[in-house]
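Enquirer: The following block contains the structure, expressed as C-alpha cells.
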Number of protein chains: 2
Amino acid sequence: MSEKIYVGVDLGGTNIKVGICDEQGNLLHTYEGPTGVENGPEAVLDRIVQYVKQIVSDSTYQWEQVAGVGAGIAGFIDLATGTVLWAPNLKWKDIAVKQELESRLGLPVALDNDANVAALGEAWSGAGAGLNHIVAFTLGTGVGGGIIINGKIYQGFRGMAGELGHIKVVPDLEAIQCGCGQLGCVETVSSATGIIRSAKDAVERGETTTLSLNETITAKDVFDAAKDGDEVAIRIVKRAAYYLGKAMAAVAVVLNPQRFVIGGGVSRAGDILFDEIRKVYAQNVPEVFTQGVDIVPAKLGNDAGVVGAAGLNLR
Amino acid sequence: MSEKIYVGVDLGGTNIKVGICDEQGNLLHTYEGPTGVENGPEAVLDRIVQYVKQIVSDSTYQWEQVAGVGAGIAGFIDLATGTVLWAPNLKWKDIAVKQELESRLGLPVALDNDANVAALGEAWSGAGAGLNHIVAFTLGTGVGGGIIINGKIYQGFRGMAGELGHIKVVPDLEAIQCGCGQLGCVETVSSATGIIRSAKDAVERGETTTLSLNETITAKDVFDAAKDGDEVAIRIVKRAAYYLGKAMAAVAVVLNPQRFVIGGGVSRAGDILFDEIRKVYAQNVPEVFTQGVDIVPAKLGNDAGVVGAAGLNLR
C-alpha cells in the first residue's frame, strides 16, 4: 500500500482526460469527459476535481497513495504561481489553477503547457524512456517542443524554454509570418496548419495534383496523397520535413540530445516524413552529433499529455 | 582555516596559467609560465603539477584547503574518463589527463573545454554572477559557446552541448564552409578568423576602404577602421553582429536564458558590435524572449578560463 500513484489531467478545450500512472509511468486507468468551457472556469475546475476523485475511487488505489496531480494546458502559464495567464482554447485569463485545485483536492498540484507535458510523458514511459537528454517536437496545429533533462522539463529563465516551433529556419525570401509575429518559424511549414496552407496554395495556383480545394482538407489527406505518389503532396511533406531537420540540427549543437521524439498528428505521416527529417538532420550537423543520436516517432499517442501531466509530480 | 579554495589551470599551447579562487570565485592569485609543448605531454603534466604546488605554497592557504583542481583545454575531451581525445594546440591525442594529474596531485581533477570553462567563469564571478540561466559566446579564432544552468556547465548527451559556433545561420547561397565541414556556421562570419577573411576579401576585390592587405591584419584593425567610419569595415563588423544576433535568437527559443555573455577578442569591438547584436536579436525573437533578458560583454577577460577551470570542482 505504500506505492505512490500519480494523477494526470489533460485539460483540452473540448474534453478533460484524467489518468493514473504508477511509479514507472505506466498509464493504469483513464477517464474522459466534456470540459464544459461554456460554464466558466469555476465549473471546469469543479469538474476536474470530480473526475480526479472518481478515477481514484474507481481504481484499486487509495486516495492517500496519490503523490500529486499534474495538469497540462495549452496556453501560457506562470509556473512560479501556477496561474494560467492565457489559454485561448479555454478562454481563460489569469486563473489561479494550482491554488484552486490544491485547496479543492488537498494534494500538490503542478501545471505545465501541453507541449512540455507531452515531452515529459514520452521521456518517462514513451519513446524516450530511460534516456537523460530528450528533445520532443509535437507537430499539431502548431509545432510545440519540450526539453527533458534527467527526467525533468527544462524551463529556462521564465518557463519559455523549448519553444522549438519558433526556431526560424525558412530563408527570409521564402518566409511567411508565424502566429508569433516572426517570419520563417518552423511552425509555419511543419505544423498541420502549415501543411494544409501549402496544399491549399498549390491547388489554388492550379498545380497538377490529386489534392482538391475544400474546407475540410487535412494534413492526413496530404500524407495519403503523398503515399499515392502525388508529386505536389510529396513536395509539401518533404518541405515540412526539411525544415524540421534544419531546426533539429540547430537544437543539436545547442543541447546535444541523445534522442529526438516526434509526436502529434503530423508525425503519423510516417516514413516519408521521418526518412527526410533524418537525412536533412545528418546533412546539417557535424558528424559527432549523429553518433548515438536518433530521431524516432512518439509512442504514447494521445496519452502523452495525461502521462506527462501525471509525471509533473515526480520528485 | 576551513575555507575551501579552488585551483584553475588554463592550459594553452604557449602558456600555462594557474590561479586560486575563493568560494565566491574571486581570483586571488595567478601564476603563468611556458607550456613547453615541445617536451611532450609527460613534461607538460609535470609542469602543471609544479605550477599548482607553487601557487598554493606561495599563498596564505594550506594544501589541505584545496577542494580540487580544474583544467580548461582547447580540444575534444572525453568527460567520463577525463581523457583529452585531441588537442591540436598541444598536439595531444588520447592523454589521460585527469588520471595522471590526480595521481600526481592527490586531489580531485576535472577537465573541460576552453569555451565551457570561460562560460563557467563568467557565470560564477563574472558577467553572469548570481543568475541561473546563462549562455556565453566566446568570439576568438573560432566561436565557442557554453551553457550554464544553475552554476553548472550543461554537457548534453556526449559533452557536445553548447557548440554554438556551429549554429548554421548564413543562408545557403551566401554560405562558406566552416572548419567543422558544414556550410554557413556562425563561426564562419563572427569569429576573428571570419572577420579577417572578410576584410582580406574586400581589399582583394579592390573595395574602397582604409583597410590594407597584409598578413598581419587583425580583427582589431577592422574594428578600429569601423570606428573611424570606414564603410567596408562597418559592414563587416555589422555582418558578424547580425549573424550572432540570429544565432542568439535560435538559442533563445530553445533555452530561454536570462543573459547572453559575449567574450573573446572580437567582443572588444564594443558598441558597434553590441548595438547591432541587440537590435538583430530583438528583431528575431517573440517579444517574451526579450523581457528581462540582456546581452552583455564578458567581465573577466583572459581570466575567465582560469576562474572557470577552478569552478569545475564546485559542488
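Each chain in the C-alpha cells gets a letter, A, B and so on, in the order shown; residues start at 1 in every chain, and ligands are counted from 1 in the order they appear.
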Using only C-alpha atoms, find each residue in chain B having at least one atom no more than 10 Å away from chain A; report its shortest atom-to-atom pair and that distance in Å (one decimal), rows by chain then rising number, as CSV.
Expert:
residue,atom,partner,partner_atom,distance
B:Leu131,CA,A:Phe157,CA,9.1
B:Asn132,CA,A:Phe157,CA,7.5
B:His133,CA,A:Phe157,CA,6.0
B:Ile134,CA,A:Phe157,CA,9.0
B:Val135,CA,A:Val254,CA,10.0
B:Gly145,CA,A:Val254,CA,8.7
B:Gly146,CA,A:Val254,CA,8.9
B:Ile147,CA,A:Val254,CA,8.3
B:Ile149,CA,A:Gly156,CA,8.5
B:Tyr154,CA,A:Leu255,CA,8.0
B:Gln155,CA,A:Leu255,CA,7.7
B:Gly156,CA,A:Asn256,CA,4.9
B:Phe157,CA,A:Gln258,CA,5.4
B:Arg158,CA,A:Asn256,CA,7.0
B:Gly159,CA,A:Asn256,CA,7.5
B:Met160,CA,A:Asn256,CA,5.6
B:Ala161,CA,A:Leu255,CA,4.5
B:Gly162,CA,A:Val254,CA,4.7
B:Glu163,CA,A:Val253,CA,5.1
B:Leu164,CA,A:Val254,CA,5.9
B:Gly165,CA,A:Val253,CA,8.4
B:His166,CA,A:Val253,CA,6.5
B:Ile167,CA,A:Ala250,CA,5.5
B:Lys168,CA,A:Ala250,CA,7.0
B:Val169,CA,A:Val169,CA,8.6
B:Val170,CA,A:Pro171,CA,9.3
B:Pro171,CA,A:Pro171,CA,6.6
B:Asp172,CA,A:Pro171,CA,8.9
B:Gly179,CA,A:Pro286,CA,9.9
B:Cys180,CA,A:Pro286,CA,6.1
B:Gly181,CA,A:Pro286,CA,6.8
B:Gln182,CA,A:Asn284,CA,6.6
B:Leu183,CA,A:Asn284,CA,8.2
B:Gly184,CA,A:Asn284,CA,10.0
B:Cys185,CA,A:Val285,CA,10.0
B:Lys246,CA,A:Lys168,CA,8.8
B:Ala247,CA,A:Ala250,CA,9.0
B:Ala249,CA,A:Ile167,CA,7.9
B:Ala250,CA,A:Ile167,CA,5.5
B:Val251,CA,A:Val254,CA,7.0
B:Ala252,CA,A:Ala161,CA,7.5
B:Val253,CA,A:Glu163,CA,5.1
B:Val254,CA,A:Gly162,CA,4.7
B:Leu255,CA,A:Ala161,CA,4.5
B:Asn256,CA,A:Ala161,CA,4.7
B:Pro257,CA,A:Phe157,CA,5.4
B:Gln258,CA,A:Phe157,CA,5.4
B:Arg259,CA,A:Phe157,CA,9.0
B:Gln283,CA,A:Gln182,CA,8.2
B:Asn284,CA,A:Gln182,CA,6.6
B:Val285,CA,A:Gln182,CA,6.9
B:Pro286,CA,A:Cys180,CA,6.1
B:Glu287,CA,A:Cys180,CA,8.8
B:Val288,CA,A:Met160,CA,8.2
B:Phe289,CA,A:Met160,CA,7.7
B:Gln291,CA,A:Arg158,CA,9.2
B:Gly292,CA,A:Arg158,CA,9.0
B:Val293,CA,A:Phe157,CA,8.7
Enquirer: Only C-alpha atoms, please: the residues just picked out, written as a PDB file, in the first residue's frame.
Expert:
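As written to disk, result_28.pdb reads:
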ATOM      1  CA  LEU B 131      21.979  34.209 -12.458  1.00  0.00           C
ATOM      2  CA  ASN B 132      20.776  30.660 -13.116  1.00  0.00           C
ATOM      3  CA  HIS B 133      20.418  30.596 -16.890  1.00  0.00           C
ATOM      4  CA  ILE B 134      23.439  31.887 -18.776  1.00  0.00           C
ATOM      5  CA  VAL B 135      24.616  31.347 -22.328  1.00  0.00           C
ATOM      6  CA  GLY B 145      29.876  28.523 -26.567  1.00  0.00           C
ATOM      7  CA  GLY B 146      28.914  27.438 -23.104  1.00  0.00           C
ATOM      8  CA  ILE B 147      25.577  26.847 -21.405  1.00  0.00           C
ATOM      9  CA  ILE B 149      22.429  26.105 -15.801  1.00  0.00           C
ATOM     10  CA  TYR B 154      25.405  21.763 -19.363  1.00  0.00           C
ATOM     11  CA  GLN B 155      27.071  18.957 -21.283  1.00  0.00           C
ATOM     12  CA  GLY B 156      24.273  17.135 -23.063  1.00  0.00           C
ATOM     13  CA  PHE B 157      24.432  13.519 -24.156  1.00  0.00           C
ATOM     14  CA  ARG B 158      28.102  13.300 -25.106  1.00  0.00           C
ATOM     15  CA  GLY B 159      29.534  16.557 -23.805  1.00  0.00           C
ATOM     16  CA  MET B 160      28.896  18.357 -27.072  1.00  0.00           C
ATOM     17  CA  ALA B 161      26.201  20.760 -25.873  1.00  0.00           C
ATOM     18  CA  GLY B 162      26.978  24.446 -26.306  1.00  0.00           C
ATOM     19  CA  GLU B 163      28.764  24.145 -29.663  1.00  0.00           C
ATOM     20  CA  LEU B 164      27.136  27.448 -30.508  1.00  0.00           C
ATOM     21  CA  GLY B 165      29.632  28.399 -33.199  1.00  0.00           C
ATOM     22  CA  HIS B 166      28.094  25.692 -35.345  1.00  0.00           C
ATOM     23  CA  ILE B 167      24.579  27.044 -35.444  1.00  0.00           C
ATOM     24  CA  LYS B 168      24.010  27.472 -39.160  1.00  0.00           C
ATOM     25  CA  VAL B 169      22.705  30.962 -39.774  1.00  0.00           C
ATOM     26  CA  VAL B 170      24.154  32.136 -43.082  1.00  0.00           C
ATOM     27  CA  PRO B 171      21.713  31.429 -45.954  1.00  0.00           C
ATOM     28  CA  ASP B 172      22.963  28.664 -48.238  1.00  0.00           C
ATOM     29  CA  GLY B 179      36.154  24.062 -40.170  1.00  0.00           C
ATOM     30  CA  CYS B 180      33.521  21.567 -38.990  1.00  0.00           C
ATOM     31  CA  GLY B 181      32.661  20.714 -42.588  1.00  0.00           C
ATOM     32  CA  GLN B 182      29.224  22.350 -42.537  1.00  0.00           C
ATOM     33  CA  LEU B 183      28.223  25.407 -44.527  1.00  0.00           C
ATOM     34  CA  GLY B 184      27.172  28.713 -43.001  1.00  0.00           C
ATOM     35  CA  CYS B 185      28.036  28.237 -39.320  1.00  0.00           C
ATOM     36  CA  LYS B 246      20.401  35.428 -35.392  1.00  0.00           C
ATOM     37  CA  ALA B 247      22.235  32.600 -33.628  1.00  0.00           C
ATOM     38  CA  ALA B 249      17.630  34.201 -31.334  1.00  0.00           C
ATOM     39  CA  ALA B 250      17.742  30.478 -32.121  1.00  0.00           C
ATOM     40  CA  VAL B 251      19.340  29.748 -28.751  1.00  0.00           C
ATOM     41  CA  ALA B 252      16.717  31.879 -27.000  1.00  0.00           C
ATOM     42  CA  VAL B 253      13.681  29.900 -28.143  1.00  0.00           C
ATOM     43  CA  VAL B 254      15.451  26.661 -27.240  1.00  0.00           C
ATOM     44  CA  LEU B 255      16.855  27.616 -23.818  1.00  0.00           C
ATOM     45  CA  ASN B 256      15.257  30.900 -22.742  1.00  0.00           C
ATOM     46  CA  PRO B 257      18.408  32.128 -20.974  1.00  0.00           C
ATOM     47  CA  GLN B 258      18.305  35.219 -18.821  1.00  0.00           C
ATOM     48  CA  ARG B 259      21.603  36.592 -20.049  1.00  0.00           C
ATOM     49  CA  GLN B 283      14.007  41.632 -34.214  1.00  0.00           C
ATOM     50  CA  ASN B 284      14.272  37.862 -34.380  1.00  0.00           C
ATOM     51  CA  VAL B 285      12.540  36.596 -31.249  1.00  0.00           C
ATOM     52  CA  PRO B 286       8.972  36.811 -29.979  1.00  0.00           C
ATOM     53  CA  GLU B 287       8.849  39.683 -27.509  1.00  0.00           C
ATOM     54  CA  VAL B 288       8.661  37.487 -24.406  1.00  0.00           C
ATOM     55  CA  PHE B 289      12.267  36.414 -25.063  1.00  0.00           C
ATOM     56  CA  GLN B 291      11.683  40.638 -21.373  1.00  0.00           C
ATOM     57  CA  GLY B 292      14.214  40.622 -18.567  1.00  0.00           C
ATOM     58  CA  VAL B 293      16.828  39.208 -20.966  1.00  0.00           C
TER      59      VAL B 293
END
Enquirer: Among range 61-289 of chain A, which ones does DSSP assign to strand (DSSP E) (computed from the backbone)? Answer as a PyMOL selection string.
Expert: chain A and resi 66-73+76-78+83-87+92-95+109-113+133-139+143-149+152-153+259-263
Enquirer: One decimal, in Å: what's the spacing between CA of Met248 in chain A and CA of Ala115 in chain A?
Expert: 16.1 Å
Enquirer: Return the single residue from A:Ile234, A:Val117, A:Val49, A:Val189 that is closest to Leu211 in chain A, with distances computed using only C-alpha atoms.
Expert: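 Residue with the minimum atom-to-atom distance to Leu211 in chain A: A:Ile234.
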Enquirer: Could you give me, as a ChimeraX atom specification, the residues within 12 Å of Asp78 in chain A, counting only C-alpha atoms and dropping anything in the same chain fewer than 3 positions from it?
Expert: /A:73,75,81-87,93-98,110-113,155,157-160
Enquirer: Could you check the closest approach to Lys238 in chain A for each of A:Glu276, A:Glu204, A:Glu23, A:Asp46 and tell me which residue wins, using only C-alpha atoms?
Expert: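 For Lys238 in chain A, the nearest of the candidates is A:Glu276.
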Enquirer: Using only C-alpha atoms, which residues sit within 12 Å of range 221-227 of chain A once same-chain residues fewer than 6 positions away are excluded, as a PyMOL selection string?
Expert: chain A and resi 192-200+202-203+209-214+233-238+240+265-273
Enquirer: How would the residues just picked look written out with C-alpha atoms as a tab-separated table (two decimals), in the first residue's frame?
Expert:
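Once everything was written out, this is again.tsv:
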chain	number	residue	atom	x	y	z
A	192	ALA	CA	-0.62	20.65	-39.72
A	193	THR	CA	-1.72	24.22	-40.32
A	194	GLY	CA	1.35	24.90	-42.45
A	195	ILE	CA	0.90	21.71	-44.45
A	196	ILE	CA	-2.76	22.44	-45.10
A	197	ARG	CA	-1.95	26.00	-46.14
A	198	SER	CA	0.72	24.76	-48.54
A	199	ALA	CA	-1.75	22.28	-50.05
A	200	LYS	CA	-4.46	24.91	-50.49
A	202	ALA	CA	-0.86	24.65	-54.54
A	203	VAL	CA	-4.44	23.79	-55.51
A	209	THR	CA	-2.28	17.34	-58.02
A	210	THR	CA	-4.86	14.90	-56.77
A	211	LEU	CA	-5.46	17.21	-53.83
A	212	SER	CA	-8.62	19.22	-54.10
A	213	LEU	CA	-9.66	22.51	-52.65
A	214	ASN	CA	-12.16	22.14	-49.87
A	233	ALA	CA	1.88	16.37	-51.85
A	234	ILE	CA	5.33	14.77	-51.69
A	235	ARG	CA	6.95	18.17	-52.10
A	236	ILE	CA	4.85	19.65	-49.29
A	237	VAL	CA	5.61	16.83	-46.86
A	238	LYS	CA	9.31	16.86	-47.74
A	240	ALA	CA	7.87	20.20	-43.77
A	265	GLY	CA	-0.82	14.31	-35.75
A	266	VAL	CA	1.72	15.24	-38.42
A	267	SER	CA	4.12	12.57	-37.16
A	268	ARG	CA	1.67	9.95	-38.42
A	269	ALA	CA	2.84	10.76	-41.95
A	270	GLY	CA	5.35	8.01	-41.24
A	271	ASP	CA	8.43	7.09	-43.25
A	272	ILE	CA	8.08	9.75	-45.92
A	273	LEU	CA	8.43	12.35	-43.14
